[in-house]
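Before any comments, here is the structure.
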Protein chains: 2
Amino acid sequence: MMDPLFVNALEKVCGAKSIRAAEDLAMQDYGFHAENLGATCAVRPTSTAQVSDILKLCNRFGVSVVPQGGLTGLAGGAVSNAGQVIVSSARLLGEIEIDPVNRIAHVAAGTTLEALDHEAHKHGLCAGIDIGARATATIGGMIATNAGGSEAFRNGIMRNRVLGLEAVSATGIVMSDLKRVTKANEGIDVKQLFIGSEGTLGVITRAVLRLAPAPGICCTFIASFADTITALNMFHTLNAMSFARLLRAEIMWRDYAVQTAMALGLQTVLPAPDRAVHVAFEMEPLDGSVDTFLESLAEQLDKAGCEDVIVAQNDRERNNIWKVREDSWALEKTFSNNFWYDVSLPHSMLDRYVTHTKNALGKLHPSIRTFVMGHLGDGNLHLTISGDAEIGPLHAAISDIVYNGLAQSGASFSAEHGIGIEKRPDLERFGDAGKLTLMRMIKSGLDPNGIMNPGKVIKQHP
Amino acid sequence: MMDPLFVNALEKVCGAKSIRAAEDLAMQDYGFHAENLGATCAVRPTSTAQVSDILKLCNRFGVSVVPQGGLTGLAGGAVSNAGQVIVSSARLLGEIEIDPVNRIAHVAAGTTLEALDHEAHKHGLCAGIDIGARATATIGGMIATNAGGSEAFRNGIMRNRVLGLEAVSATGIVMSDLKRVTKANEGIDVKQLFIGSEGTLGVITRAVLRLAPAPGICCTFIASFADTITALNMFHTLNAMSFARLLRAEIMWRDYAVQTAMALGLQTVLPAPDRAVHVAFEMEPLDGSVDTFLESLAEQLDKAGCEDVIVAQNDRERNNIWKVREDSWALEKTFSNNFWYDVSLPHSMLDRYVTHTKNALGKLHPSIRTFVMGHLGDGNLHLTISGDAEIGPLHAAISDIVYNGLAQSGASFSAEHGIGIEKRPDLERFGDAGKLTLMRMIKSGLDPNGIMNPGKVIKQHP
């Protein structure tokens, strides 16, 4: 199915051993999407030069390329088809260099977030970004998708963590811009294009990342609130505390919290299950003991009239809180016909948006249940819409309701999971027309043969 | 000199009143560069649609465009020549919208930093970015040049402050991506290209910016240190304090500090003039009184063995400290034949770099004096190299020494002032070859007729 001349040339570039045929791929773990490993073959280069040679070959032979990292993406950006070549970062490894004085790391694209964090912790530092898929997600993939996660409200998204980048563009041009400084105005900042472009412009090979101080002892607690506005006020109070650092603030609306807790058999996690919203907070006391911090915390909660709080007393209780928040798949046990959304809104819109969306969806079909949770600090909400079999054909109508008014008010229909293939129609619909035109011009300029991850994010020719 | 048909069409787009001819321009303040107003005419559009129409006209008539903001750029990015049209943001104004709940501002490109800060302060907020030219620098210009300044170590550079952007690309395409959220992964992030591209890709018209809490009462103090390493340790100690927020940390090496203070008649500002480095700190006590903070501060300084400190007792003393740091032009009174550099380095390199550079320059020519100051938090140094008339022809050799080793070690030869025309040869020399190629591909893709700020940053065709 693939030109033997091409396969031969590929073998010459990186050795027969680094190439896997379709039948081998079928036996591998495909990650989040069953269609991830549909390509005719996968190649696992070990160097930037090999990546460049591979992309040049692919241009010459007209073979299209799907770059892959840890296969944890949720939007289908790594899905591959027959006739395509996967370029995997699995062997783009090498030393994880931690520079503790300057608080930066220099890593290869195939490094997992967990591996980086592990090395950083040896120096009292951490990656400063965290996502559920930390064990398998690669730094290359996290940069390509501009990962977000639960610490973004404090440390920024992946784009803000990247100081330097090495990448190979679609036509095989190697850009090695491995800066280790915050300020570097050296012309058009090309690396910004690769960040978040989901493999449509090239392959990321190395990066210099900013690190953050690793938190010491942490206190995890969960509080139930009568409404979103009270929860937000508490968030601002805790975030402005001088004697403790707010690390996470993860919000769950009642339906999500209660149903997930039940599915996991962890109902006792919720202080007051009937309250409208529940927020899991994690804080690091800065001065003095945990006890002193807990006293001050109790005072603050008291002042705010917030009585429904459970402080985790040990690791088990702490893990249970995070299980309820992170294991959104538990909903699948109880509910089916699920549609997933990933939006972000300014704080002031959160309350009205959730209420309005739930109501409108309820009116659309009586079987619809709306489960909402997310990252309170940056207003990033994950919605799961479930219902009976009848809601299948209502997908478009559901999307209309979930997305209603977002674009006009500076909110986003696609917060942290990216576009991939799943949200391409949404991008065509809600993306600014001028921006889409410029995206196509950039894509055509850097990838004239359209070999990089075609069909993902945007159609090159509308 | 300009096609009357073109001028006619221009008048139709934005009215004769918004066009200024060369003779009028000659009477205007040209800002930092005497050559800024060399264009044949300047047009001052009042809307994004007008900007788009102007750029389409310029493409049709083959007239090149120089976008201009407050004319405070130091690298010549706004220099214009006969035959060119200036597109000024002077009338891209309108309401400065402050959204205090979400802590963001929505402003037009012609808004000055000072005007934005003034409005933000009414809500207890500030821009979170500060540069010396605050009174005249425009938000559009600061985005186009990705401004840095003294708060970047804490709040990030301009790129990190921009949530949403509206811009008109070279061919007149309007991109309106006015997001108000941190997380928005909606395909290739085109706005990142406009940020820092110094008007070579289009004209910025509006932006949504992140704001920061305005500091309350501040303490300003200046400390003298025996070496850079001790100064850096103090920086880290102060930056990690939980009871006060470090706002600024501006470093001056002895020669700079002493000579500027003398030129300004402010010698008493320096605690111990003979020490190697002097750092002006500004901190905001978070809890309790200024007195409590000063006591804790005294303890910290004591622990570090730092005895040479002067705390500003009033606004006059505070202003005098900042005068010595900010009025680098005072050096011009005493020294001539000055060459200016703007580099940034990882903290660990600072000490060795300054020592090595001074020594090497001293060996190059005995008349050379090296004055160094900058932003300690992000390692951004501004160097002024002075000497007698003989050093004129040594410019290239001086640059070689100042830039020696920077590119290889992840440092930058161009930190915050940008490339403009001044540093174009340096970019050609030190920029990564692959990155330069990609820059040209992007520029050609978005500006096929090469009308946007030609000759700035990079030659479109090498």
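The chains in the structure tokens are called A, B, ... from first to last as shown; in each chain the residues are counted from 1, and the ligands are counted from 1 in the order shown.
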
I'd like the neighbourhood of Glu114 in chain A as an MDAnalysis selection string, where a residue qualifies if any of its atoms comes within 8 Å (using only C-alpha atoms), though same-chain residues fewer than 3 positions away should be ignored.
chainID A and resid 117:118 134:136

For chain A versus chain B, which residues have an atom no more than 6 Å away, and what is each residue's nearest atom pair and distance in Å rounded to one decimal, using only C-alpha atoms, chain-then-number order, as JSON lines?
```
{"residue": "A:Asn102", "atom": "CA", "partner": "B:His347", "partner_atom": "CA", "distance": 5.9}
{"residue": "A:Ile173", "atom": "CA", "partner": "B:Gly434", "partner_atom": "CA", "distance": 5.8}
{"residue": "A:Val174", "atom": "CA", "partner": "B:Gly434", "partner_atom": "CA", "distance": 5.3}
{"residue": "A:Met175", "atom": "CA", "partner": "B:Gly434", "partner_atom": "CA", "distance": 4.5}
{"residue": "A:Leu178", "atom": "CA", "partner": "B:Gly410", "partner_atom": "CA", "distance": 5.8}
{"residue": "A:Lys179", "atom": "CA", "partner": "B:Gly410", "partner_atom": "CA", "distance": 4.1}
{"residue": "A:Arg180", "atom": "CA", "partner": "B:Gly410", "partner_atom": "CA", "distance": 4.6}
{"residue": "A:Val181", "atom": "CA", "partner": "B:Pro346", "partner_atom": "CA", "distance": 5.8}
{"residue": "A:Lys183", "atom": "CA", "partner": "B:Ala415", "partner_atom": "CA", "distance": 4.8}
{"residue": "A:Ala184", "atom": "CA", "partner": "B:Ala415", "partner_atom": "CA", "distance": 4.3}
{"residue": "A:Asn185", "atom": "CA", "partner": "B:Gly418", "partner_atom": "CA", "distance": 5.1}
{"residue": "A:Glu186", "atom": "CA", "partner": "B:Ser414", "partner_atom": "CA", "distance": 5.9}
{"residue": "A:Gly187", "atom": "CA", "partner": "B:Ser197", "partner_atom": "CA", "distance": 5.8}
{"residue": "A:Ile188", "atom": "CA", "partner": "B:Ser197", "partner_atom": "CA", "distance": 4.8}
{"residue": "A:Ser197", "atom": "CA", "partner": "B:Ile188", "partner_atom": "CA", "distance": 4.8}
{"residue": "A:Ser242", "atom": "CA", "partner": "B:Ser242", "partner_atom": "CA", "distance": 5.7}
{"residue": "A:Pro346", "atom": "CA", "partner": "B:Val181", "partner_atom": "CA", "distance": 5.8}
{"residue": "A:His347", "atom": "CA", "partner": "B:Asn102", "partner_atom": "CA", "distance": 5.9}
{"residue": "A:Gly410", "atom": "CA", "partner": "B:Lys179", "partner_atom": "CA", "distance": 4.1}
{"residue": "A:Ser412", "atom": "CA", "partner": "B:Ala184", "partner_atom": "CA", "distance": 5.5}
{"residue": "A:Ser414", "atom": "CA", "partner": "B:Asn185", "partner_atom": "CA", "distance": 5.5}
{"residue": "A:Ala415", "atom": "CA", "partner": "B:Ala184", "partner_atom": "CA", "distance": 4.3}
{"residue": "A:Glu416", "atom": "CA", "partner": "B:Asn185", "partner_atom": "CA", "distance": 5.7}
{"residue": "A:Gly418", "atom": "CA", "partner": "B:Asn185", "partner_atom": "CA", "distance": 5.1}
{"residue": "A:Gly434", "atom": "CA", "partner": "B:Met175", "partner_atom": "CA", "distance": 4.5}
{"residue": "A:Lys435", "atom": "CA", "partner": "B:Met175", "partner_atom": "CA", "distance": 4.9}
{"residue": "A:Gly445", "atom": "CA", "partner": "B:Gly445", "partner_atom": "CA", "distance": 5.4}
{"residue": "A:Val457", "atom": "CA", "partner": "B:Gly187", "partner_atom": "CA", "distance": 5.8}
```

Test item: residues at most 12 Å from Cys219 in chain A, only C-alpha atoms, excluding those fewer than 4 positions along its chain, as a VMD selection string:
chain A and resid 215 244 to 248 280 to 286 289 to 294 297 310 to 315 317 to 319 321

Residue nearest Phe221 in chain A - candidates A:Met262, A:His123, A:Asn155, A:Val309, atoms counted: only C-alpha atoms:
A:Val309

Quick one: residues within 10 Å of Met27 in chain A, only C-alpha atoms, excluding same-chain residues fewer than 4 positions away - as a PyMOL selection string?
chain A and resi 22-23+37

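The neighbours of Gly76 in chain A here are the residues that come within 8 Å of it, using only C-alpha atoms and leaving out any residue fewer than 3 positions away in the same chain; they are His33, Asn36, Gly73, Val79, Ile419, Gly420, Ile421 and Glu422 of chain A.
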
Restrict the selected residues to N, CA, C and O atoms and save them as a JSON list (two decimals), in the first residue's frame.
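Done, and the output landed in again.json:
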```json
[["chain", "number", "residue", "atom", "x", "y", "z"],
["A", 33, "HIS", "N", -8.19, 7.49, 21.47],
["A", 33, "HIS", "CA", -9.02, 7.29, 20.28],
["A", 33, "HIS", "C", -8.72, 5.96, 19.63],
["A", 33, "HIS", "O", -7.57, 5.67, 19.31],
["A", 36, "ASN", "N", -6.55, 6.08, 16.51],
["A", 36, "ASN", "CA", -5.23, 6.71, 16.52],
["A", 36, "ASN", "C", -4.19, 5.95, 15.69],
["A", 36, "ASN", "O", -3.32, 6.55, 15.07],
["A", 73, "GLY", "N", -4.71, 12.90, 23.85],
["A", 73, "GLY", "CA", -5.56, 14.00, 23.39],
["A", 73, "GLY", "C", -7.00, 13.56, 23.27],
["A", 73, "GLY", "O", -7.29, 12.40, 22.95],
["A", 79, "VAL", "N", -5.51, 11.04, 15.39],
["A", 79, "VAL", "CA", -6.13, 9.98, 14.59],
["A", 79, "VAL", "C", -5.38, 9.84, 13.25],
["A", 79, "VAL", "O", -5.00, 10.83, 12.65],
["A", 419, "ILE", "N", -8.84, 21.39, 18.93],
["A", 419, "ILE", "CA", -9.82, 21.21, 17.85],
["A", 419, "ILE", "C", -9.77, 19.77, 17.29],
["A", 419, "ILE", "O", -10.80, 19.11, 17.16],
["A", 420, "GLY", "N", -8.57, 19.28, 16.96],
["A", 420, "GLY", "CA", -8.43, 17.93, 16.41],
["A", 420, "GLY", "C", -9.35, 17.73, 15.23],
["A", 420, "GLY", "O", -9.43, 18.58, 14.32],
["A", 421, "ILE", "N", -10.06, 16.57, 15.23],
["A", 421, "ILE", "CA", -11.10, 16.39, 14.21],
["A", 421, "ILE", "C", -12.48, 16.67, 14.80],
["A", 421, "ILE", "O", -13.39, 17.08, 14.12],
["A", 422, "GLU", "N", -12.59, 16.46, 16.11],
["A", 422, "GLU", "CA", -13.90, 16.54, 16.77],
["A", 422, "GLU", "C", -14.53, 17.92, 16.63],
["A", 422, "GLU", "O", -15.74, 18.04, 16.47]]
```

Please identify all polymer residues within 8 Å of Leu361 in chain B, counting only C-alpha atoms, omitting same-chain residues fewer than 3 positions from it, and present them as a list in words.
Thr357, Lys358, Leu364, His365, Ile368, Thr370, Ile398 and Ile401 of chain B

Take the residues just selected and output them with all heavy atoms as a PDB file, in the first residue's frame.
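Below you can see again.pdb, which holds the result:
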```pdb
ATOM      1  N   THR B 357      32.595  40.742  29.840  1.00  0.00           N
ATOM      2  CA  THR B 357      32.353  41.733  28.787  1.00  0.00           C
ATOM      3  C   THR B 357      33.130  43.018  29.064  1.00  0.00           C
ATOM      4  O   THR B 357      33.779  43.577  28.176  1.00  0.00           O
ATOM      5  CB  THR B 357      30.835  42.032  28.670  1.00  0.00           C
ATOM      6  OG1 THR B 357      30.160  40.801  28.442  1.00  0.00           O
ATOM      7  CG2 THR B 357      30.537  42.994  27.550  1.00  0.00           C
ATOM      8  N   LYS B 358      33.092  43.478  30.327  1.00  0.00           N
ATOM      9  CA  LYS B 358      33.837  44.693  30.695  1.00  0.00           C
ATOM     10  C   LYS B 358      35.324  44.530  30.413  1.00  0.00           C
ATOM     11  O   LYS B 358      35.972  45.408  29.839  1.00  0.00           O
ATOM     12  CB  LYS B 358      33.638  44.992  32.180  1.00  0.00           C
ATOM     13  CG  LYS B 358      32.362  45.723  32.469  1.00  0.00           C
ATOM     14  CD  LYS B 358      32.383  46.259  33.902  1.00  0.00           C
ATOM     15  CE  LYS B 358      31.124  47.028  34.176  1.00  0.00           C
ATOM     16  NZ  LYS B 358      31.137  47.751  35.427  1.00  0.00           N
ATOM     17  N   LEU B 364      39.905  45.878  24.269  1.00  0.00           N
ATOM     18  CA  LEU B 364      39.709  46.292  22.868  1.00  0.00           C
ATOM     19  C   LEU B 364      40.201  47.714  22.655  1.00  0.00           C
ATOM     20  O   LEU B 364      40.864  48.016  21.659  1.00  0.00           O
ATOM     21  CB  LEU B 364      38.228  46.183  22.492  1.00  0.00           C
ATOM     22  CG  LEU B 364      37.866  46.546  21.056  1.00  0.00           C
ATOM     23  CD1 LEU B 364      38.422  45.518  20.077  1.00  0.00           C
ATOM     24  CD2 LEU B 364      36.348  46.674  20.874  1.00  0.00           C
ATOM     25  N   HIS B 365      39.866  48.598  23.599  1.00  0.00           N
ATOM     26  CA  HIS B 365      40.338  49.987  23.504  1.00  0.00           C
ATOM     27  C   HIS B 365      40.367  50.602  24.906  1.00  0.00           C
ATOM     28  O   HIS B 365      39.372  50.519  25.629  1.00  0.00           O
ATOM     29  CB  HIS B 365      39.443  50.817  22.579  1.00  0.00           C
ATOM     30  CG  HIS B 365      40.085  52.102  22.155  1.00  0.00           C
ATOM     31  ND1 HIS B 365      40.033  53.238  22.916  1.00  0.00           N
ATOM     32  CD2 HIS B 365      40.829  52.406  21.062  1.00  0.00           C
ATOM     33  CE1 HIS B 365      40.700  54.202  22.316  1.00  0.00           C
ATOM     34  NE2 HIS B 365      41.203  53.726  21.173  1.00  0.00           N
ATOM     35  N   ILE B 368      37.459  52.774  26.423  1.00  0.00           N
ATOM     36  CA  ILE B 368      36.088  52.261  26.556  1.00  0.00           C
ATOM     37  C   ILE B 368      35.630  52.202  28.008  1.00  0.00           C
ATOM     38  O   ILE B 368      36.345  51.709  28.880  1.00  0.00           O
ATOM     39  CB  ILE B 368      35.944  50.881  25.871  1.00  0.00           C
ATOM     40  CG1 ILE B 368      35.923  51.063  24.350  1.00  0.00           C
ATOM     41  CG2 ILE B 368      34.670  50.162  26.334  1.00  0.00           C
ATOM     42  CD1 ILE B 368      35.663  49.810  23.561  1.00  0.00           C
ATOM     43  N   THR B 370      32.172  50.868  30.188  1.00  0.00           N
ATOM     44  CA  THR B 370      30.977  50.041  30.009  1.00  0.00           C
ATOM     45  C   THR B 370      29.998  50.307  31.147  1.00  0.00           C
ATOM     46  O   THR B 370      30.320  50.062  32.312  1.00  0.00           O
ATOM     47  CB  THR B 370      31.367  48.551  29.994  1.00  0.00           C
ATOM     48  OG1 THR B 370      32.360  48.368  28.992  1.00  0.00           O
ATOM     49  CG2 THR B 370      30.165  47.672  29.678  1.00  0.00           C
ATOM     50  N   ILE B 398      32.963  45.749  19.010  1.00  0.00           N
ATOM     51  CA  ILE B 398      32.268  45.884  20.304  1.00  0.00           C
ATOM     52  C   ILE B 398      31.060  44.941  20.342  1.00  0.00           C
ATOM     53  O   ILE B 398      30.848  44.204  21.308  1.00  0.00           O
ATOM     54  CB  ILE B 398      31.847  47.351  20.526  1.00  0.00           C
ATOM     55  CG1 ILE B 398      33.086  48.233  20.761  1.00  0.00           C
ATOM     56  CG2 ILE B 398      30.886  47.471  21.715  1.00  0.00           C
ATOM     57  CD1 ILE B 398      32.818  49.728  20.763  1.00  0.00           C
ATOM     58  N   ILE B 401      31.928  41.399  21.006  1.00  0.00           N
ATOM     59  CA  ILE B 401      32.209  41.104  22.414  1.00  0.00           C
ATOM     60  C   ILE B 401      30.915  41.046  23.230  1.00  0.00           C
ATOM     61  O   ILE B 401      30.702  40.125  24.008  1.00  0.00           O
ATOM     62  CB  ILE B 401      33.194  42.160  22.990  1.00  0.00           C
ATOM     63  CG1 ILE B 401      34.577  41.967  22.353  1.00  0.00           C
ATOM     64  CG2 ILE B 401      33.263  42.068  24.514  1.00  0.00           C
ATOM     65  CD1 ILE B 401      35.569  43.079  22.640  1.00  0.00           C
TER      66      ILE B 401
END
```

What separation in Å, quoted to one decimal, exists between CA of Thr260 in chain B and CA of Met234 in chain B?
23.6 Å

List the neighbours of Thr171 in chain A out to 7 Å using only C-alpha atoms; skip same-chain residues closer than 4 positions along the sequence, and give me the result as an MDAnalysis selection string.
chainID A and resid 55:56 59 447

Write out the residues from the selection above, keeping N, CA and C atoms, as a compact mmCIF listing (two decimals), in the first residue's frame.
```txt
# COMPACT_ATOMS: atom_id res chain seq x y z
N LEU A 55 10.39 14.22 7.18
CA LEU A 55 9.41 15.15 6.61
C LEU A 55 9.76 15.51 5.16
N LYS A 56 11.06 15.61 4.88
CA LYS A 56 11.45 15.89 3.49
C LYS A 56 11.04 14.74 2.57
N ASN A 59 7.33 14.81 1.91
CA ASN A 59 6.99 15.80 0.90
C ASN A 59 7.28 15.26 -0.49
N ASP A 447 3.28 24.72 4.81
CA ASP A 447 3.07 23.31 4.45
C ASP A 447 2.42 23.24 3.07
```

Enumerate, as an MDAnalysis selection string, the complete set of residues in range 250-403 of chain B that a backbone-based DSSP assignment places in strand (DSSP E).
chainID B and resid 250:253 277:285 309:311 339:344 369:375 380:386

Got a sec to tell me which of range 144-278 of chain B DSSP assigns to helix (DSSP H, G or I), as a PyMOL selection string?
chain B and resi 144+152-155+158-161+191-194+228-240+254-264+267-269

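CA of Gln460 in chain A to CA of Val7 in chain A spans 26.6 Å [interatomic distance, one decimal].
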
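Closest approach to Ala39 in chain A among A:Arg316, A:Arg325, A:Arg20, A:Lys363 is made by A:Arg20 (distances from only C-alpha atoms).
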